[in-house]
Structure formats: structure tokens, C-alpha cells
file model38.tsv (TSV, C-alpha atoms)
chain	number	residue	atom	x	y	z
X	1	MET	CA	61.27	119.14	94.07
X	2	PRO	CA	63.36	117.31	96.69
X	3	ARG	CA	66.77	116.09	95.55
X	4	GLU	CA	66.68	112.31	95.12
X	5	LEU	CA	69.39	110.45	97.03
X	6	THR	CA	70.04	106.75	97.20
X	7	VAL	CA	71.29	105.58	100.62
X	8	VAL	CA	73.03	102.22	100.63
X	9	ASP	CA	71.93	99.75	103.28
X	10	ALA	CA	75.21	97.85	103.50
X	11	GLY	CA	74.46	96.14	106.81
X	12	LEU	CA	76.58	98.69	108.66
X	13	GLY	CA	73.77	100.30	110.65
X	14	ASN	CA	73.13	103.98	111.36
X	15	LEU	CA	70.49	104.35	108.64
X	16	ALA	CA	67.42	105.80	110.37
X	17	SER	CA	69.10	108.90	111.80
X	18	VAL	CA	70.89	109.59	108.50
X	19	GLU	CA	67.63	109.27	106.58
X	20	ARG	CA	65.88	111.69	108.97
X	21	ALA	CA	68.65	114.26	108.67
X	22	LEU	CA	68.68	114.06	104.87
X	23	ASN	CA	64.91	114.44	104.77
X	24	GLN	CA	65.26	117.47	107.02
X	25	VAL	CA	67.54	119.23	104.54
X	26	GLY	CA	65.31	118.56	101.56
X	27	ALA	CA	66.29	115.16	100.17
X	28	ALA	CA	63.98	112.41	99.02
X	29	VAL	CA	65.74	109.30	100.31
X	30	HIS	CA	65.57	105.81	98.83
X	31	LEU	CA	67.13	103.07	100.97
X	32	THR	CA	68.41	100.01	99.12
X	33	SER	CA	70.85	97.13	99.18
X	34	ASP	CA	70.06	96.18	95.57
X	35	PRO	CA	73.09	96.75	93.29
X	36	ASP	CA	70.82	97.31	90.27
X	37	VAL	CA	69.04	100.12	92.10
X	38	ILE	CA	72.36	101.57	93.27
X	39	LEU	CA	73.51	101.71	89.64
X	40	GLU	CA	70.55	103.98	88.85
X	41	ALA	CA	71.41	106.48	91.61
X	42	GLN	CA	71.75	110.14	90.77
X	43	ALA	CA	73.57	110.72	94.05
X	44	LEU	CA	74.76	108.09	96.52
X	45	VAL	CA	75.28	108.08	100.30
X	46	VAL	CA	76.97	105.24	102.20
X	47	PRO	CA	76.63	105.65	105.99
X	48	GLY	CA	77.94	103.18	108.52
X	49	GLN	CA	79.35	102.43	111.91
X	50	GLY	CA	81.15	99.43	113.27
X	51	ALA	CA	84.25	97.58	112.14
X	52	PHE	CA	86.04	96.28	109.07
X	53	GLY	CA	85.48	92.54	108.87
X	54	PRO	CA	83.39	89.93	107.06
X	55	THR	CA	80.54	92.39	106.38
X	56	THR	CA	82.80	94.95	104.75
X	57	ASP	CA	84.70	92.24	102.86
X	58	GLU	CA	81.43	90.97	101.37
X	59	LEU	CA	80.37	94.51	100.51
X	60	ILE	CA	83.63	95.49	98.84
X	61	GLN	CA	84.15	92.28	96.92
X	62	GLY	CA	80.53	91.77	95.92
X	63	PRO	CA	78.07	93.35	93.47
X	64	VAL	CA	77.18	96.22	95.83
X	65	GLY	CA	80.82	97.30	95.99
X	66	GLN	CA	81.09	97.13	92.20
X	67	ALA	CA	77.92	99.19	91.83
X	68	ILE	CA	79.31	101.83	94.21
X	69	ARG	CA	82.54	101.99	92.19
X	70	THR	CA	80.57	102.39	88.96
X	71	VAL	CA	78.52	105.29	90.34
X	72	ILE	CA	81.68	107.02	91.55
X	73	GLU	CA	83.61	106.42	88.33
X	74	ARG	CA	80.88	107.89	86.14
X	75	GLY	CA	81.01	111.10	88.18
X	76	ASP	CA	77.80	111.09	90.22
X	77	PRO	CA	77.96	112.68	93.70
X	78	PHE	CA	78.98	110.32	96.49
X	79	LEU	CA	79.11	110.84	100.26
X	80	GLY	CA	80.57	108.33	102.71
X	81	ILE	CA	79.78	108.87	106.40
X	82	CYS	CA	82.02	107.49	109.19
X	83	MET	CA	82.65	103.87	108.14
X	84	GLY	CA	81.42	104.92	104.70
X	85	MET	CA	84.37	107.31	104.48
X	86	GLN	CA	86.85	104.72	105.77
X	87	LEU	CA	85.71	102.29	103.08
X	88	LEU	CA	86.92	104.75	100.42
X	89	PHE	CA	90.56	104.05	101.30
X	90	GLU	CA	92.77	101.20	100.13
X	91	ARG	CA	93.08	99.26	103.35
X	92	SER	CA	92.48	99.20	107.11
X	93	GLU	CA	94.56	97.88	110.01
X	94	GLU	CA	91.37	96.75	111.74
X	95	GLY	CA	90.78	93.07	112.41
X	96	GLY	CA	94.22	92.04	111.21
X	97	GLY	CA	93.90	93.98	107.97
X	98	HIS	CA	91.16	94.37	105.36
X	99	VAL	CA	90.94	96.01	101.96
X	100	GLY	CA	88.77	99.01	101.17
X	101	LEU	CA	87.22	100.23	97.93
X	102	GLY	CA	90.51	101.83	96.90
X	103	ILE	CA	88.94	105.06	95.66
X	104	LEU	CA	91.41	107.15	97.67
X	105	PRO	CA	95.04	106.23	98.33
X	106	GLY	CA	95.77	105.75	102.01
X	107	ARG	CA	94.93	103.61	104.99
X	108	VAL	CA	92.77	103.43	108.09
X	109	ARG	CA	94.76	103.25	111.30
X	110	LYS	CA	93.96	102.66	114.97
X	111	PHE	CA	94.39	105.46	117.45
X	112	PRO	CA	97.40	104.62	119.64
X	113	ASP	CA	97.39	104.84	123.42
X	114	MET	CA	97.84	108.53	124.22
X	115	VAL	CA	98.29	110.51	127.42
X	116	ARG	CA	97.26	114.13	127.94
X	117	VAL	CA	99.18	116.18	130.52
X	118	GLU	CA	97.10	118.80	132.33
X	119	GLY	CA	99.23	120.72	134.84
X	120	GLU	CA	100.81	118.14	137.09
X	121	ARG	CA	98.34	115.44	136.18
X	122	ALA	CA	98.36	113.03	133.26
X	123	ARG	CA	95.38	111.10	131.99
X	124	ARG	CA	95.01	108.45	129.36
X	125	LEU	CA	92.78	109.48	126.46
X	126	LYS	CA	89.77	107.28	125.88
X	127	ILE	CA	89.47	105.18	122.76
X	128	PRO	CA	87.12	105.40	120.91
X	129	HIS	CA	87.33	109.10	120.33
X	130	CYS	CA	83.79	110.08	121.26
X	131	GLY	CA	82.24	113.53	121.38
X	132	TRP	CA	82.44	116.97	119.85
X	133	ASN	CA	85.63	118.09	118.17
X	134	GLU	CA	86.72	121.11	116.17
X	135	THR	CA	87.58	120.87	112.48
X	136	GLN	CA	90.05	122.98	110.54
X	137	PRO	CA	89.88	125.13	108.57
X	138	GLY	CA	86.70	126.84	109.65
X	139	GLY	CA	86.50	125.93	113.33
X	140	ASP	CA	83.11	124.19	113.22
X	141	HIS	CA	82.45	121.44	115.75
X	142	TYR	CA	81.09	118.02	114.79
X	143	TYR	CA	80.26	114.83	116.65
X	144	PHE	CA	82.77	111.96	116.29
X	145	LEU	CA	82.67	108.33	117.39
X	146	HIS	CA	85.56	106.22	116.10
X	147	SER	CA	88.55	104.14	117.17
X	148	TYR	CA	90.23	104.24	113.75
X	149	TYR	CA	91.13	107.25	111.61
X	150	CYS	CA	91.91	107.82	107.94
X	151	GLU	CA	95.45	108.65	106.87
X	152	ALA	CA	95.36	109.95	103.28
X	153	ASP	CA	98.43	109.59	101.06
X	154	GLU	CA	97.44	112.67	99.05
X	155	ALA	CA	97.14	115.88	101.08
X	156	THR	CA	94.90	117.37	98.39
X	157	ASP	CA	92.25	114.73	99.19
X	158	VAL	CA	91.83	116.10	102.73
X	159	LEU	CA	89.12	118.75	102.96
X	160	TRP	CA	89.17	119.24	106.76
X	161	THR	CA	91.26	117.92	109.62
X	162	SER	CA	90.68	117.40	113.32
X	163	THR	CA	92.99	116.50	116.19
X	164	TYR	CA	92.67	113.99	118.99
X	165	GLY	CA	95.61	113.78	121.37
X	166	ASP	CA	98.77	113.71	119.26
X	167	ILE	CA	96.99	112.65	116.06
X	168	THR	CA	95.79	115.04	113.38
X	169	PHE	CA	93.51	113.10	111.08
X	170	ALA	CA	91.22	113.58	108.07
X	171	ALA	CA	87.84	114.76	109.33
X	172	ALA	CA	86.49	115.17	105.78
X	173	VAL	CA	87.84	114.26	102.35
X	174	ARG	CA	87.05	115.29	98.81
X	175	ARG	CA	88.18	114.20	95.37
X	176	ASN	CA	86.11	115.44	92.44
X	177	ASN	CA	82.60	114.02	92.98
X	178	VAL	CA	83.61	111.99	96.08
X	179	PHE	CA	83.10	113.30	99.60
X	180	GLY	CA	83.57	111.64	102.96
X	181	CYS	CA	83.24	112.69	106.59
X	182	GLN	CA	84.56	110.85	109.63
X	183	PHE	CA	82.14	112.70	111.90
X	184	HIS	CA	78.42	112.02	112.10
X	185	PRO	CA	76.63	114.97	110.46
X	186	GLU	CA	73.26	113.51	111.45
X	187	LYS	CA	74.30	113.92	115.13
X	188	SER	CA	76.08	117.25	114.71
X	189	GLN	CA	73.11	119.60	115.01
X	190	HIS	CA	73.24	122.79	112.91
X	191	ALA	CA	76.76	122.30	111.56
X	192	GLY	CA	75.95	118.75	110.48
X	193	LEU	CA	72.72	119.74	108.77
X	194	ARG	CA	74.56	122.55	106.97
X	195	PHE	CA	77.11	120.03	105.70
X	196	LEU	CA	74.39	117.66	104.49
X	197	ARG	CA	72.39	120.48	102.92
X	198	ALA	CA	75.39	121.56	100.87
X	199	PHE	CA	75.80	118.02	99.57
X	200	VAL	CA	72.08	117.65	98.81
X	201	LEU	CA	71.92	120.95	96.96
X	202	GLY	CA	74.97	120.45	94.82
X	203	GLY	CA	76.92	117.37	95.74
X	204	ARG	CA	79.74	119.63	96.82
X	205	GLY	CA	80.08	119.49	100.63
X	206	GLU	CA	81.22	122.77	102.22
call {"tool": "encode", "arguments": {"input": "model38.tsv", "output": "C-alpha cells"}}
result
Amino acid sequence: MPRELTVVDAGLGNLASVERALNQVGAAVHLTSDPDVILEAQALVVPGQGAFGPTTDELIQGPVGQAIRTVIERGDPFLGICMGMQLLFERSEEGGGHVGLGILPGRVRKFPDMVRVEGERARRLKIPHCGWNETQPGGDHYYFLHSYYCEADEATDVLWTSTYGDITFAAAVRRNNVFGCQFHPEKSQHAGLRFLRAFVLGGRGE
């Protein structure tokens, strides 16, 4: 039977493509914004794109945020995608500063202005970081789209890293039953589907 996953509709967008990708790797997906339904989840996915602000404040401080914390604390598998991963941390610099769920110690920071020198030419790197980038260890490439990156306080929470300009950042995190990825697995072709399949099959990432 397909693995049942609950995907949280937190008003952060990016739901349809995530649902399709999860279906493709064998999950039966239930979309909800109801905290009572979230509390019944056997495995939980929080996707998202956009910015910290009033929507994330309402999520974190409200009943949906509390339901997410309860699912995580009782040990059920959790996956945060892009903004869903950033929400796991204690705080973000975005929008003058906002709190996160506080599941992982650390912060979300804005990419600084960076210049890449190529021979005798220098060019300013574009923000947001958009496109395919390699992750380490392993060397797989995933699709990223973000202006802010996660800086974990605990190195053991970082599963994979990636580098943009001068910044090496957490591309994926893991702590016990909690997983997060800054990249978009639903847009990352075979590597992304492999990552999602591993989570669906065992709640373990790769």
C-alpha cells in the first residue's frame, strides 16, 4: 500500500508540484491546514517558498505550529522543504527578524553581495541563488531557489552542504526523525525523486 503522508498547506505555496512528486514515488498524500488532522499524521511534510513575515508568524505562533511541534516531538517522520526547512530554525534575519519553530538551533541569514572573479573579469553573483548546485558529500546536483540560507549551530545537524560564492550552507539537515532540504526535490529530477523516495519508504532521507 502507498505510504500515507500529510502535507501541510501553510499558505506558503509550492504544493501541487510537491504532491505530484510524492505521488510519483509511492506516497498517498493528504493536504491539510487543519491542526487536528496534522496531529493524526503518521509522517508530515511542510513545503514552502516565499519569505518570513506575517504568514510565518501566524503559522508558528498558532495551532498549526503547535501541531507540527507535537508531531515532531513524538518522533514521527518530518520533512521540511525550502521554507519548510528554514522554519525549523530558531530565527531568521528576513523582514527585520522573525522567529522560527526552534526545532534546530541556528538562524536563517541573507546571502551577502558576492563577486566571482573569472580570469581578468569579475561579476556580481545574482541573489536569489537560482539553479542547479552540487551537494557534499555525494556530489549530487539539486535545484535551488533562495535568497536566505540556514546556518546551523550544531554541525551534527547538517546532513549535506552546498556552496554559493563564498558561502557554504546547509543544503539538507537531519536530527533524529526531522529532515529538511533547502533545495526543491520536486524540481530536481532523478536525484530529487530519489531523495523523496527514501523519505517515503523509511522517513530517513539519504
call {"tool": "closest_residue", "arguments": {"input": "model38.tsv", "among": "X:Ile38, X:Val46, X:Leu79, X:Val7", "to": "Ala198 (chain X)", "atoms": "all atoms listed in the file"}}
result
X:Leu79
call {"tool": "closest_atom_pairs", "arguments": {"input": "model38.tsv", "of": "region 26-83 of chain X", "to": "region 148-165 of chain X", "cutoff": "10 Å", "atoms": "all atoms listed in the file", "output": "JSON lines"}}
result
{"residue": "X:Ala51", "atom": "CA", "partner": "X:Tyr148", "partner_atom": "CA", "distance": 9.1}
{"residue": "X:Cys82", "atom": "CA", "partner": "X:Tyr149", "partner_atom": "CA", "distance": 9.4}
{"residue": "X:Met83", "atom": "CA", "partner": "X:Tyr148", "partner_atom": "CA", "distance": 9.4}
call {"tool": "write_last_selection", "arguments": {"input": "model38.tsv", "atoms": "C-alpha atoms", "output": "PDB file, in the frame of the given file"}}
result
ATOM      1  CA  ALA X  51      84.250  97.580 112.140  1.00  0.00           C
ATOM      2  CA  CYS X  82      82.020 107.490 109.190  1.00  0.00           C
ATOM      3  CA  MET X  83      82.650 103.870 108.140  1.00  0.00           C
TER       4      MET X  83
END
call {"tool": "residues_around", "arguments": {"input": "model38.tsv", "residues": "region 121-131 of chain X", "least_positions_apart": "3", "cutoff": "8 Å", "atoms": "only C-alpha atoms", "output": "number ranges by chain"}}
result
X: 111, 113-118, 143-148, 164-165
call {"tool": "write_last_selection", "arguments": {"input": "model38.tsv", "atoms": "C-alpha atoms", "output": "compact mmCIF listing (two decimals), keeping the file's coordinate frame"}}
result
# COMPACT_ATOMS: atom_id res chain seq x y z
CA PHE X 111 94.39 105.46 117.45
CA ASP X 113 97.39 104.84 123.42
CA MET X 114 97.84 108.53 124.22
CA VAL X 115 98.29 110.51 127.42
CA ARG X 116 97.26 114.13 127.94
CA VAL X 117 99.18 116.18 130.52
CA GLU X 118 97.10 118.80 132.33
CA TYR X 143 80.26 114.83 116.65
CA PHE X 144 82.77 111.96 116.29
CA LEU X 145 82.67 108.33 117.39
CA HIS X 146 85.56 106.22 116.10
CA SER X 147 88.55 104.14 117.17
CA TYR X 148 90.23 104.24 113.75
CA TYR X 164 92.67 113.99 118.99
CA GLY X 165 95.61 113.78 121.37
call {"tool": "closest_residue", "arguments": {"input": "model38.tsv", "among": "X:Gly65, X:Gly84, X:Pro77, X:Pro137", "to": "Leu12 (chain X)", "atoms": "all atoms listed in the file"}}
result
X:Gly84
call {"tool": "residues_near_point", "arguments": {"input": "model38.tsv", "point": "(86.2, 108.3, 106.2)", "cutoff": "8 Å", "atoms": "all atoms listed in the file", "output": "PDB file with C-alpha atoms, in the coordinates of the input"}}
result
ATOM      1  CA  GLY X  80      80.570 108.330 102.710  1.00  0.00           C
ATOM      2  CA  ILE X  81      79.780 108.870 106.400  1.00  0.00           C
ATOM      3  CA  CYS X  82      82.020 107.490 109.190  1.00  0.00           C
ATOM      4  CA  MET X  83      82.650 103.870 108.140  1.00  0.00           C
ATOM      5  CA  GLY X  84      81.420 104.920 104.700  1.00  0.00           C
ATOM      6  CA  MET X  85      84.370 107.310 104.480  1.00  0.00           C
ATOM      7  CA  GLN X  86      86.850 104.720 105.770  1.00  0.00           C
ATOM      8  CA  LEU X  87      85.710 102.290 103.080  1.00  0.00           C
ATOM      9  CA  LEU X  88      86.920 104.750 100.420  1.00  0.00           C
ATOM     10  CA  PHE X  89      90.560 104.050 101.300  1.00  0.00           C
ATOM     11  CA  TYR X 149      91.130 107.250 111.610  1.00  0.00           C
ATOM     12  CA  CYS X 150      91.910 107.820 107.940  1.00  0.00           C
ATOM     13  CA  ALA X 170      91.220 113.580 108.070  1.00  0.00           C
ATOM     14  CA  ALA X 171      87.840 114.760 109.330  1.00  0.00           C
ATOM     15  CA  ALA X 172      86.490 115.170 105.780  1.00  0.00           C
ATOM     16  CA  VAL X 173      87.840 114.260 102.350  1.00  0.00           C
ATOM     17  CA  GLY X 180      83.570 111.640 102.960  1.00  0.00           C
ATOM     18  CA  CYS X 181      83.240 112.690 106.590  1.00  0.00           C
ATOM     19  CA  GLN X 182      84.560 110.850 109.630  1.00  0.00           C
TER      20      GLN X 182
END
call {"tool": "atom_distance", "arguments": {"input": "model38.tsv", "atom1": "CA of Glu4 (chain X)", "atom2": "CA of Trp132 (chain X)"}}
result
29.7 Å
call {"tool": "atom_distance", "arguments": {"input": "model38.tsv", "atom1": "CA of Ser33 (chain X)", "atom2": "CA of Leu59 (chain X)"}}
result
10.0 Å
call {"tool": "residues_around", "arguments": {"input": "model38.tsv", "residues": "Ser92 (chain X)", "least_positions_apart": "5", "cutoff": "6 Å", "atoms": "only C-alpha atoms", "output": "PyMOL selection string"}}
result
chain X and resi 97-98+107-108
call {"tool": "residues_near_point", "arguments": {"input": "model38.tsv", "point": "(64.1, 114.9, 102.4)", "cutoff": "12 Å", "atoms": "all atoms listed in the file", "output": "count of residues only"}}
result
25
call {"tool": "closest_residue", "arguments": {"input": "model38.tsv", "among": "X:Ile72, X:Asn133, X:Pro63, X:Gly95", "to": "Phe183 (chain X)", "atoms": "only C-alpha atoms"}}
result
X:Asn133
call {"tool": "atom_distance", "arguments": {"input": "model38.tsv", "atom1": "CA of Phe52 (chain X)", "atom2": "CA of Gly102 (chain X)"}}
result
14.1 Å
call {"tool": "closest_residue", "arguments": {"input": "model38.tsv", "among": "X:Ala43, X:Gly48, X:Thr32, X:Val64", "to": "Gly13 (chain X)", "atoms": "only C-alpha atoms"}}
result
X:Gly48
